[in-house]
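data-v1.pdb follows (PDB, C-alpha atoms):
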ATOM      1  CA  MET C 542      94.536  63.783 176.868
ATOM      2  CA  GLY C 543      96.962  66.510 177.898
ATOM      3  CA  ASP C 544      96.956  69.146 180.591
ATOM      4  CA  LEU C 545      95.128  72.453 180.164
ATOM      5  CA  VAL C 546      97.420  75.347 181.037
ATOM      6  CA  THR C 547      96.611  78.884 182.160
ATOM      7  CA  ALA C 548      98.904  81.717 183.228
ATOM      8  CA  ARG C 549      99.228  80.367 186.776
ATOM      9  CA  LEU C 550      97.637  76.915 186.734
ATOM     10  CA  VAL C 551      97.735  73.466 185.209
ATOM     11  CA  LEU C 552      94.409  71.641 184.928
ATOM     12  CA  HIS C 553      95.450  68.010 184.933
ATOM     13  CA  PRO C 554      92.939  65.383 183.688
ATOM     14  CA  MET C 555      92.501  62.938 186.542
ATOM     15  CA  THR C 556      93.356  59.290 185.916
ATOM     16  CA  VAL C 557      91.797  56.330 187.673
ATOM     17  CA  SER C 558      94.932  55.753 189.776
ATOM     18  CA  GLU C 559      95.045  59.435 190.768
ATOM     19  CA  ALA C 560      91.369  59.356 191.728
ATOM     20  CA  GLU C 561      91.972  56.235 193.799
ATOM     21  CA  ARG C 562      94.792  58.022 195.675
ATOM     22  CA  VAL C 563      92.499  61.000 196.342
ATOM     23  CA  VAL C 564      89.767  58.714 197.692
ATOM     24  CA  ALA C 565      92.315  56.874 199.845
ATOM     25  CA  GLY C 566      93.589  60.226 201.118
ATOM     26  CA  GLY C 567      97.210  59.364 200.568
ATOM     27  CA  SER C 568      99.756  60.436 198.036
ATOM     28  CA  ASP C 569     102.979  58.781 197.020
ATOM     29  CA  SER C 570     106.360  60.440 196.740
ATOM     30  CA  SER C 571     105.700  61.492 193.134
ATOM     31  CA  VAL C 572     102.501  63.383 193.974
ATOM     32  CA  ARG C 573     102.675  66.924 195.312
ATOM     33  CA  TRP C 574      99.629  67.948 197.289
ATOM     34  CA  ALA C 575      99.384  71.293 199.027
ATOM     35  CA  PRO C 576      98.411  71.088 202.718
ATOM     36  CA  GLY C 577      94.646  70.610 202.923
ATOM     37  CA  TYR C 578      94.328  68.696 199.645
ATOM     38  CA  PRO C 579      92.221  66.732 198.989
ATOM     39  CA  THR C 580      89.127  68.360 200.484
ATOM     40  CA  ASP C 581      85.904  66.468 201.125
ATOM     41  CA  GLY C 582      84.633  67.877 197.806
ATOM     42  CA  ASP C 583      87.683  66.513 195.972
ATOM     43  CA  VAL C 584      87.079  63.070 197.470
ATOM     44  CA  LEU C 585      83.404  63.164 196.492
ATOM     45  CA  ALA C 586      84.298  64.194 192.918
ATOM     46  CA  ALA C 587      86.938  61.451 192.696
ATOM     47  CA  ARG C 588      84.385  58.858 193.850
ATOM     48  CA  ARG C 589      81.898  60.050 191.217
ATOM     49  CA  PHE C 590      84.644  59.894 188.570
ATOM     50  CA  LEU C 591      85.595  56.337 189.586
ATOM     51  CA  ALA C 592      81.940  55.238 189.507
ATOM     52  CA  THR C 593      81.566  56.701 186.020
ATOM     53  CA  CYS C 594      84.741  54.994 184.818
ATOM     54  CA  ALA C 595      83.508  51.673 186.210
ATOM     55  CA  SER C 596      80.051  51.928 184.653
ATOM     56  CA  THR C 597      80.580  53.670 181.309
ATOM     57  CA  GLY C 598      84.333  54.201 180.890
ATOM     58  CA  ASP C 599      86.553  57.253 181.152
ATOM     59  CA  PRO C 600      84.374  60.341 180.569
ATOM     60  CA  GLN C 601      87.233  62.479 179.186
ATOM     61  CA  PRO C 602      87.185  65.141 177.976
ATOM     62  CA  PHE C 603      84.203  65.707 180.294
ATOM     63  CA  GLY C 604      85.862  64.285 183.400
ATOM     64  CA  ASN C 605      87.625  65.644 186.468
ATOM     65  CA  TYR C 606      90.691  67.862 186.570
ATOM     66  CA  GLU C 607      93.119  68.475 189.375
ATOM     67  CA  ILE C 608      94.037  72.164 189.768
ATOM     68  CA  ARG C 609      97.789  72.542 190.212
ATOM     69  CA  ARG C 610      99.829  75.718 190.634
ATOM     70  CA  ARG C 611     102.377  76.113 187.870
ATOM     71  CA  GLU C 612     104.939  77.691 190.217
ATOM     72  CA  ASP C 613     105.333  74.608 192.442
ATOM     73  CA  GLY C 614     103.194  71.864 190.835
ATOM     74  CA  GLN C 615     101.135  71.406 193.990
ATOM     75  CA  ALA C 616      97.501  70.318 193.768
ATOM     76  CA  ILE C 617      95.267  72.978 195.335
ATOM     77  CA  GLY C 618      91.809  71.821 194.262
ATOM     78  CA  GLY C 619      89.723  70.325 191.545
ATOM     79  CA  LEU C 620      87.131  71.082 188.944
ATOM     80  CA  GLY C 621      85.287  69.138 186.370
ATOM     81  CA  PHE C 622      82.121  67.990 184.762
ATOM     82  CA  HIS C 623      79.346  66.015 186.411
ATOM     83  CA  GLY C 624      79.116  63.909 183.260
ATOM     84  CA  PRO C 625      79.225  64.136 179.492
ATOM     85  CA  ALA C 626      77.178  66.618 177.499
ATOM     86  CA  ASP C 627      73.510  65.727 177.162
ATOM     87  CA  ALA C 628      71.680  65.509 173.823
ATOM     88  CA  ASN C 629      71.383  69.313 173.754
ATOM     89  CA  GLY C 630      75.097  69.876 174.434
ATOM     90  CA  SER C 631      74.612  70.925 178.070
ATOM     91  CA  VAL C 632      77.098  70.028 180.824
ATOM     92  CA  THR C 633      77.237  70.769 184.544
ATOM     93  CA  ILE C 634      80.423  71.773 186.359
ATOM     94  CA  GLY C 635      81.720  71.852 189.883
ATOM     95  CA  TYR C 636      84.930  73.130 191.462
ATOM     96  CA  GLY C 637      86.667  73.811 194.721
ATOM     97  CA  LEU C 638      89.943  74.940 196.238
ATOM     98  CA  ILE C 639      91.724  74.306 199.506
ATOM     99  CA  PRO C 640      91.149  77.214 201.921
ATOM    100  CA  SER C 641      94.691  78.623 201.616
ATOM    101  CA  ALA C 642      94.292  78.965 197.822
ATOM    102  CA  ARG C 643      90.987  80.853 197.933
ATOM    103  CA  GLY C 644      90.695  84.575 197.229
ATOM    104  CA  LYS C 645      93.561  84.645 194.727
ATOM    105  CA  GLY C 646      91.546  84.341 191.513
ATOM    106  CA  TYR C 647      92.569  80.714 190.893
ATOM    107  CA  ALA C 648      89.006  79.376 190.710
ATOM    108  CA  SER C 649      87.900  81.987 188.155
ATOM    109  CA  GLU C 650      91.061  81.410 186.096
ATOM    110  CA  ALA C 651      90.529  77.644 186.093
ATOM    111  CA  LEU C 652      86.812  77.933 185.318
ATOM    112  CA  ARG C 653      87.401  80.313 182.394
ATOM    113  CA  LYS C 654      89.793  77.775 180.869
ATOM    114  CA  LEU C 655      87.361  74.909 181.443
ATOM    115  CA  LEU C 656      84.512  76.882 179.833
ATOM    116  CA  LEU C 657      86.594  77.543 176.717
ATOM    117  CA  PHE C 658      87.610  73.897 176.657
ATOM    118  CA  ALA C 659      83.988  72.723 176.943
ATOM    119  CA  ARG C 660      82.910  75.021 174.124
ATOM    120  CA  ALA C 661      85.750  73.796 171.902
ATOM    121  CA  ARG C 662      84.566  70.221 172.557
ATOM    122  CA  GLY C 663      81.015  70.960 171.413
ATOM    123  CA  ALA C 664      79.237  71.982 174.602
ATOM    124  CA  THR C 665      76.521  74.558 173.959
ATOM    125  CA  ARG C 666      75.690  75.313 177.595
ATOM    126  CA  VAL C 667      77.531  74.978 180.901
ATOM    127  CA  LYS C 668      75.586  75.051 184.153
ATOM    128  CA  GLY C 669      76.634  75.350 187.784
ATOM    129  CA  ASP C 670      75.160  76.274 191.136
ATOM    130  CA  ALA C 671      76.156  77.681 194.508
ATOM    131  CA  ASP C 672      74.447  77.801 197.874
ATOM    132  CA  HIS C 673      72.783  81.155 198.587
ATOM    133  CA  ASP C 674      75.350  81.974 201.261
ATOM    134  CA  ASN C 675      78.341  80.990 199.095
ATOM    135  CA  ILE C 676      78.863  84.459 197.657
ATOM    136  CA  ALA C 677      82.491  83.693 196.727
ATOM    137  CA  SER C 678      81.453  80.826 194.439
ATOM    138  CA  GLN C 679      78.765  82.972 192.856
ATOM    139  CA  HIS C 680      81.430  85.607 192.137
ATOM    140  CA  VAL C 681      83.708  82.949 190.611
ATOM    141  CA  MET C 682      81.049  81.877 188.113
ATOM    142  CA  MET C 683      80.169  85.454 187.202
ATOM    143  CA  ALA C 684      83.863  86.390 186.821
ATOM    144  CA  ALA C 685      84.250  83.447 184.440
ATOM    145  CA  GLY C 686      81.350  84.641 182.278
ATOM    146  CA  MET C 687      78.432  82.654 183.661
ATOM    147  CA  ARG C 688      75.198  84.459 184.482
ATOM    148  CA  PRO C 689      72.433  83.871 187.052
ATOM    149  CA  ALA C 690      69.776  81.524 185.681
ATOM    150  CA  GLY C 691      67.387  81.128 188.608
ATOM    151  CA  HIS C 692      67.265  79.872 192.168
ATOM    152  CA  ASP C 693      65.406  77.632 194.544
ATOM    153  CA  GLU C 694      65.225  77.520 198.339
ATOM    154  CA  ARG C 695      68.801  76.178 198.585
ATOM    155  CA  VAL C 696      70.910  77.357 195.623
ATOM    156  CA  ARG C 697      71.391  79.936 192.878
ATOM    157  CA  TYR C 698      71.870  78.538 189.381
ATOM    158  CA  PHE C 699      74.300  79.924 186.820
ATOM    159  CA  GLU C 700      74.944  79.167 183.168
ATOM    160  CA  ILE C 701      76.629  80.254 180.003
ATOM    161  CA  ALA C 702      75.382  79.348 176.548
ATOM    162  CA  TRP C 703      76.892  79.789 173.107
ATOM    163  CA  THR C 704      75.685  79.915 169.569
ATOM    164  CA  ASP C 705      77.798  78.632 166.661
ATOM    165  CA  THR C 706      78.962  82.156 165.893
ATOM    166  CA  MET C 707      80.577  82.387 169.337
ATOM    167  CA  ALA C 708      82.709  79.239 169.116
ATOM    168  CA  ASN C 709      86.205  79.526 170.531
ATOM    169  CA  THR C 710      85.752  83.006 171.962
ATOM    170  CA  ASP C 711      86.389  84.268 175.449
ATOM    171  CA  PRO C 712      83.410  83.210 177.642
ATOM    172  CA  ARG C 713      83.205  86.700 179.136
ATOM    173  CA  SER C 714      82.374  88.277 175.770
TER     174      SER C 714
END

Rewrite the structure from the file as structure tokens, please.
Amino acid sequence: MGDLVTARLVLHPMTVSEAERVVAGGSDSSVRWAPGYPTDGDVLAARRFLATCASTGDPQPFGNYEIRRREDGQAIGGLGFHGPADANGSVTIGYGLIPSARGKGYASEALRKLLLFARARGATRVKGDADHDNIASQHVMMAAGMRPAGHDERVRYFEIAWTDTMANTDPRS
């Protein structure tokens, strides 16, 4: 599977060897990581990806993606799916950026691309959540076209859903 490309980013499908490097916290000379990458969230996502690969095989296209800047190729974060689509076509996403990359619109740009990608691969609903005090993440999901879908004592839930007539359209429409 190839990279997903946006105006400023490359969303690179993570391989097992790349996930192992993230978990180990060390890169080799061919890997370009921005200072601060990987974050604890990236390591957690890489561990989940490796566990999935070990138990059921590579989940692509509903796997993990490394977010890289096109201008310098450096990894600045990650995003991906928490697993394949369920029987109703619903998937759950997560994402994160290193602190120095936040506030530049990268997360919304990456999420918009991932939402379009999920829809093109048959997903009918994408869900995500953010802690109540994580206003920035809530803004990212709304900027990408997701809408509030409820809350509990800890988090606010967001989602976007499509009908067949909306296939391959911009998620914000």

Original post:
Exactly which residues make up the result of the PyMOL selection byres ((chain C and resi 664-678) around 7) on this file, given as number ranges by chain?
Top reply: C: 626, 630-635, 659-660, 662-663, 679-682, 695-704

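Our summary of the geometry notes that CA of Tyr636 (chain C) is positioned 6.5 Å from CA of Gly621 (chain C).
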
Subject >> Selected residue of minimal separation from Ala586 (chain C) among C:Ala548, C:Ala690, C:Ala684, C:Val564, counting all atoms listed in the file >> reply: C:Val564

**OP:** Pick out the residues sitting within 10 Å of Met542 (chain C), and hand them over as a VMD selection string; count only C-alpha atoms, and ignore anything fewer than 2 positions along from it in its own chain.
**Re:** chain C and resid 544 to 545 553 to 555 601 to 602

**OP:** Please measure the separation of CA of Leu655 (chain C) and CA of Glu694 (chain C), giving the value in Å to one decimal.
**Re:** 28.0 Å

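With distances taken over all atoms listed in the file, C:Ser641 is the one residue among C:Thr547, C:Ser641, C:Thr556, C:Ser649 lying closest to Ile617 (chain C).
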
**OP:** Using the chain letters and numbers from the file, give me the residues hit by the PyMOL selection byres ((chain C and resi 551) around 10), as an NGL selection string.
**Re:** :C and (544-550 or 552-554 or 606-612 or 614-616 or 651)

Original post:
So what do you get for CA of Arg573 (chain C) versus CA of Tyr647 (chain C), distance-wise?
Top reply: 17.7 Å

**OP:** Evaluate the PyMOL selection byres ((chain C and resi 625) around 8) on the structure here and hand back the selected residues as a VMD selection string.
**Re:** chain C and resid 600 603 to 604 622 to 624 626 to 627 632

Starting from the incomplete input, reconstruct all heavy atoms of region 640-651 of chain C and report them as a PDB file, in the frame of the given file.
ATOM      1  N   PRO C 640      91.332  75.868 201.352  1.00  0.00           N
ATOM      2  CA  PRO C 640      91.149  77.214 201.921  1.00  0.00           C
ATOM      3  C   PRO C 640      92.308  78.174 201.680  1.00  0.00           C
ATOM      4  O   PRO C 640      92.084  79.347 201.379  1.00  0.00           O
ATOM      5  CB  PRO C 640      90.945  76.938 203.415  1.00  0.00           C
ATOM      6  CG  PRO C 640      90.288  75.590 203.439  1.00  0.00           C
ATOM      7  CD  PRO C 640      90.976  74.815 202.332  1.00  0.00           C
ATOM      8  N   SER C 641      93.548  77.713 201.772  1.00  0.00           N
ATOM      9  CA  SER C 641      94.691  78.623 201.616  1.00  0.00           C
ATOM     10  C   SER C 641      94.852  79.141 200.189  1.00  0.00           C
ATOM     11  O   SER C 641      95.561  80.124 199.965  1.00  0.00           O
ATOM     12  CB  SER C 641      95.980  77.944 202.065  1.00  0.00           C
ATOM     13  OG  SER C 641      96.275  76.835 201.227  1.00  0.00           O
ATOM     14  N   ALA C 642      94.181  78.528 199.215  1.00  0.00           N
ATOM     15  CA  ALA C 642      94.292  78.965 197.822  1.00  0.00           C
ATOM     16  C   ALA C 642      93.127  79.871 197.405  1.00  0.00           C
ATOM     17  O   ALA C 642      93.132  80.405 196.295  1.00  0.00           O
ATOM     18  CB  ALA C 642      94.349  77.752 196.897  1.00  0.00           C
ATOM     19  N   ARG C 643      92.162  80.045 198.266  1.00  0.00           N
ATOM     20  CA  ARG C 643      90.987  80.853 197.933  1.00  0.00           C
ATOM     21  C   ARG C 643      91.314  82.340 197.982  1.00  0.00           C
ATOM     22  O   ARG C 643      92.229  82.767 198.666  1.00  0.00           O
ATOM     23  CB  ARG C 643      89.847  80.533 198.895  1.00  0.00           C
ATOM     24  CG  ARG C 643      89.382  79.106 198.749  1.00  0.00           C
ATOM     25  CD  ARG C 643      88.320  78.755 199.760  1.00  0.00           C
ATOM     26  NE  ARG C 643      88.025  77.323 199.665  1.00  0.00           N
ATOM     27  CZ  ARG C 643      87.454  76.627 200.628  1.00  0.00           C
ATOM     28  NH1 ARG C 643      87.086  77.215 201.754  1.00  0.00           N
ATOM     29  NH2 ARG C 643      87.241  75.338 200.464  1.00  0.00           N
ATOM     30  N   GLY C 644      90.542  83.125 197.220  1.00  0.00           N
ATOM     31  CA  GLY C 644      90.695  84.575 197.229  1.00  0.00           C
ATOM     32  C   GLY C 644      91.841  85.096 196.383  1.00  0.00           C
ATOM     33  O   GLY C 644      92.179  86.269 196.458  1.00  0.00           O
ATOM     34  N   LYS C 645      92.426  84.252 195.565  1.00  0.00           N
ATOM     35  CA  LYS C 645      93.561  84.645 194.727  1.00  0.00           C
ATOM     36  C   LYS C 645      93.220  84.641 193.237  1.00  0.00           C
ATOM     37  O   LYS C 645      94.089  84.840 192.405  1.00  0.00           O
ATOM     38  CB  LYS C 645      94.740  83.712 194.988  1.00  0.00           C
ATOM     39  CG  LYS C 645      95.275  83.785 196.420  1.00  0.00           C
ATOM     40  CD  LYS C 645      96.360  82.752 196.643  1.00  0.00           C
ATOM     41  CE  LYS C 645      97.081  82.942 197.936  1.00  0.00           C
ATOM     42  NZ  LYS C 645      96.394  82.570 199.129  1.00  0.00           N
ATOM     43  N   GLY C 646      91.967  84.369 192.907  1.00  0.00           N
ATOM     44  CA  GLY C 646      91.546  84.341 191.513  1.00  0.00           C
ATOM     45  C   GLY C 646      91.795  83.022 190.807  1.00  0.00           C
ATOM     46  O   GLY C 646      91.522  82.894 189.612  1.00  0.00           O
ATOM     47  N   TYR C 647      92.286  82.005 191.522  1.00  0.00           N
ATOM     48  CA  TYR C 647      92.569  80.714 190.893  1.00  0.00           C
ATOM     49  C   TYR C 647      91.307  80.036 190.362  1.00  0.00           C
ATOM     50  O   TYR C 647      91.312  79.467 189.273  1.00  0.00           O
ATOM     51  CB  TYR C 647      93.245  79.761 191.883  1.00  0.00           C
ATOM     52  CG  TYR C 647      94.647  80.101 192.288  1.00  0.00           C
ATOM     53  CD1 TYR C 647      95.061  79.904 193.605  1.00  0.00           C
ATOM     54  CD2 TYR C 647      95.586  80.586 191.388  1.00  0.00           C
ATOM     55  CE1 TYR C 647      96.356  80.184 194.003  1.00  0.00           C
ATOM     56  CE2 TYR C 647      96.879  80.866 191.776  1.00  0.00           C
ATOM     57  CZ  TYR C 647      97.260  80.672 193.091  1.00  0.00           C
ATOM     58  OH  TYR C 647      98.538  80.935 193.486  1.00  0.00           O
ATOM     59  N   ALA C 648      90.235  80.063 191.136  1.00  0.00           N
ATOM     60  CA  ALA C 648      89.006  79.376 190.710  1.00  0.00           C
ATOM     61  C   ALA C 648      88.442  79.998 189.437  1.00  0.00           C
ATOM     62  O   ALA C 648      88.047  79.288 188.511  1.00  0.00           O
ATOM     63  CB  ALA C 648      87.974  79.381 191.831  1.00  0.00           C
ATOM     64  N   SER C 649      88.414  81.320 189.361  1.00  0.00           N
ATOM     65  CA  SER C 649      87.900  81.987 188.155  1.00  0.00           C
ATOM     66  C   SER C 649      88.794  81.690 186.954  1.00  0.00           C
ATOM     67  O   SER C 649      88.317  81.451 185.843  1.00  0.00           O
ATOM     68  CB  SER C 649      87.807  83.499 188.366  1.00  0.00           C
ATOM     69  OG  SER C 649      86.871  83.795 189.371  1.00  0.00           O
ATOM     70  N   GLU C 650      90.104  81.703 187.175  1.00  0.00           N
ATOM     71  CA  GLU C 650      91.061  81.410 186.096  1.00  0.00           C
ATOM     72  C   GLU C 650      90.865  79.987 185.571  1.00  0.00           C
ATOM     73  O   GLU C 650      90.820  79.756 184.365  1.00  0.00           O
ATOM     74  CB  GLU C 650      92.486  81.590 186.624  1.00  0.00           C
ATOM     75  CG  GLU C 650      93.570  81.410 185.606  1.00  0.00           C
ATOM     76  CD  GLU C 650      94.949  81.718 186.171  1.00  0.00           C
ATOM     77  OE1 GLU C 650      95.077  82.550 187.101  1.00  0.00           O
ATOM     78  OE2 GLU C 650      95.921  81.119 185.670  1.00  0.00           O
ATOM     79  N   ALA C 651      90.733  79.037 186.493  1.00  0.00           N
ATOM     80  CA  ALA C 651      90.529  77.644 186.093  1.00  0.00           C
ATOM     81  C   ALA C 651      89.190  77.463 185.389  1.00  0.00           C
ATOM     82  O   ALA C 651      89.108  76.787 184.356  1.00  0.00           O
ATOM     83  CB  ALA C 651      90.607  76.744 187.324  1.00  0.00           C
TER      84      ALA C 651
END
